[in-house]
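Report on the following structure.
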Amino acid sequence: MRQSNTEALAGNSDSDFVAAPLRLAAPLRLAEEGDLEQLRPGLLSPSPENETLYRRVSGRSDAIKELAKSVAERGVLEPIVTTADLYIVSGHQRHAAAIVAKLKHVPVRRLPKRRGDYSEAEYVALLREFNRQRNKTLSERLREASVDRDPDEAYTALLSEREKRDAGNLHEIDLSKQIKRCKVSWRKDPLLAAIMQVLKDHERYLPINLRKLHYELAQNLRPLKNAELPDSVYQNDRKSYDTLSNDTIRWRIEGIIPHDAIEDETRPSTEWDVHADAAEFLEDELEFFATGYRRDLMQSQAVHVELLVEKNTVFRMAEEIAGRYSVPVTSLRGQTSGPVRHKIRRRFEKSGKPRLVVLVATDFDPSGEAIAESVCTSLQQEFGCDNLKAFKVAVTSSQAAEMGLTHDFEGLSTKKGDSNLKRFVEKHGADARCYELEALPAAEFQRLIAEAIDSVVDVDLLNREREQERQDAAEIQRRRAIMLAALEEADFNADEESD
């Protein structure tokens, strides 16, 4: 049985009002004004459309309870306005308060038309008109504003306002100035050839940034910056870096180097994944339906492993290797934030493993060493990862000495303002050289990561998981073919029915 409005308000729940069935009981008494009646509150029905504009009215809210105290003492002073069939147009809160206060009668003024005589839009506009003077929240005012304007009028106004805004607030940029940029001379060919070689070697990780490109040139290839000057060897210094920056801009403009091969990660942009129509979207979805399966290769291991890298420039290279082990990778970008460490702890807890192993790759300099220590210490002492082992994968002083890595062209002397310098010097000596993570060749960096992971996991268990993943892939492919065939048949049947 449908709960009455009175029961919904006076009961123990915040039940929504239920529109009561049409009641045309004779009024108790007609007011002297002629259109003012005294009716039982239970005869009136809240308009469902009211909630499209205003807050839901609840008999248990503090505001209604306070209003109920007032109407219990003084009655409902402002008449409730309803349609001819007694749906409330104005006075939902007064009606709720009257029921809570258990008033026998409330003043009502009926409009000549029934609720069903209005279209939905007309009825909402009517509610808006009868409630202009009430106090409203910001969201209620915004919803009212959407009712006040006809859609066609709103669009016309939008175009007009846009033109005004464009004319008044935007300042047109003068594009008449001619850019004069000389073409790169043939004398730069050795440098260009070296750059193209680096891009080819890093084809799987493109785009790379200029800093990574610089270290590859200075560390491994050392081309001539000018073919006619034998002493113009590319160096790990600011002058060479600036030459690289200027020349790569011109080579990209000339179309010699692809624009997409080199990125500027400090200036992000957004591109939305859009489709021309629903058919194109469905085609894309079906193409990749039930693909991309990845088995948790670490699920049988006794430890949970996390890989942390200091810089975004090496993230994709690290990600490629870590993905072969299902090991999570995090780019620290300096002293990482609390939320990042919290996520690491949550992954550790979710794994159910008794021990956390953290592998870290940072620069060999005061900040890089401090980052490796601080993030792992914080995980253990501040984030509750008590059973934790941490290892530095790269760059270590012994690796730098063994591979002859190029030091940071800014030099240790420029790091005097680094608060970690004193500890670094105490540990490694005043003559220690700083080495950049980006100076590691991609293959060497990936080898170090793979060896580090292999050294902390059970390789036999890992290989079993990989074999099972191959079997999983075959089963998924079989089921995918069955499901796609079923979808194709269903689509064909739908087309037949529509014809």
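Ordered as shown in the structure tokens, chains take letters A, B, and onward, while each chain numbers its residues from 1 and ligands are numbered from 1 in the order shown.
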
Per-residue DSSP, segment 190-255 of chain A, filtered to helix (DSSP H, G or I), as JSON, numbers by chain: {"A": [190, 191, 192, 193, 194, 195, 196, 197, 198, 199, 200, 201, 203, 204, 205, 210, 211, 212, 213, 214, 215, 216, 217, 218, 219, 220, 221, 238, 239, 240, 241, 242, 243, 244, 245, 246, 247, 248, 249, 250, 251, 252, 253]}

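Residue neighbourhood of Arg110 of chain A, excluding near-sequence residues (fewer than 2 positions): A:Asp35, A:Leu36, A:Glu37, A:Ile80, A:Val81, A:Thr82, A:Thr83, A:Ala84, A:Asp85, A:Leu86, A:Val108, A:Pro112, A:Lys113, at 9 Å, using only C-alpha atoms.
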
Within 7 Å of segment 435-439 of chain A using only C-alpha atoms, minus same-chain residues under 5 positions, as a count of residues only: 15
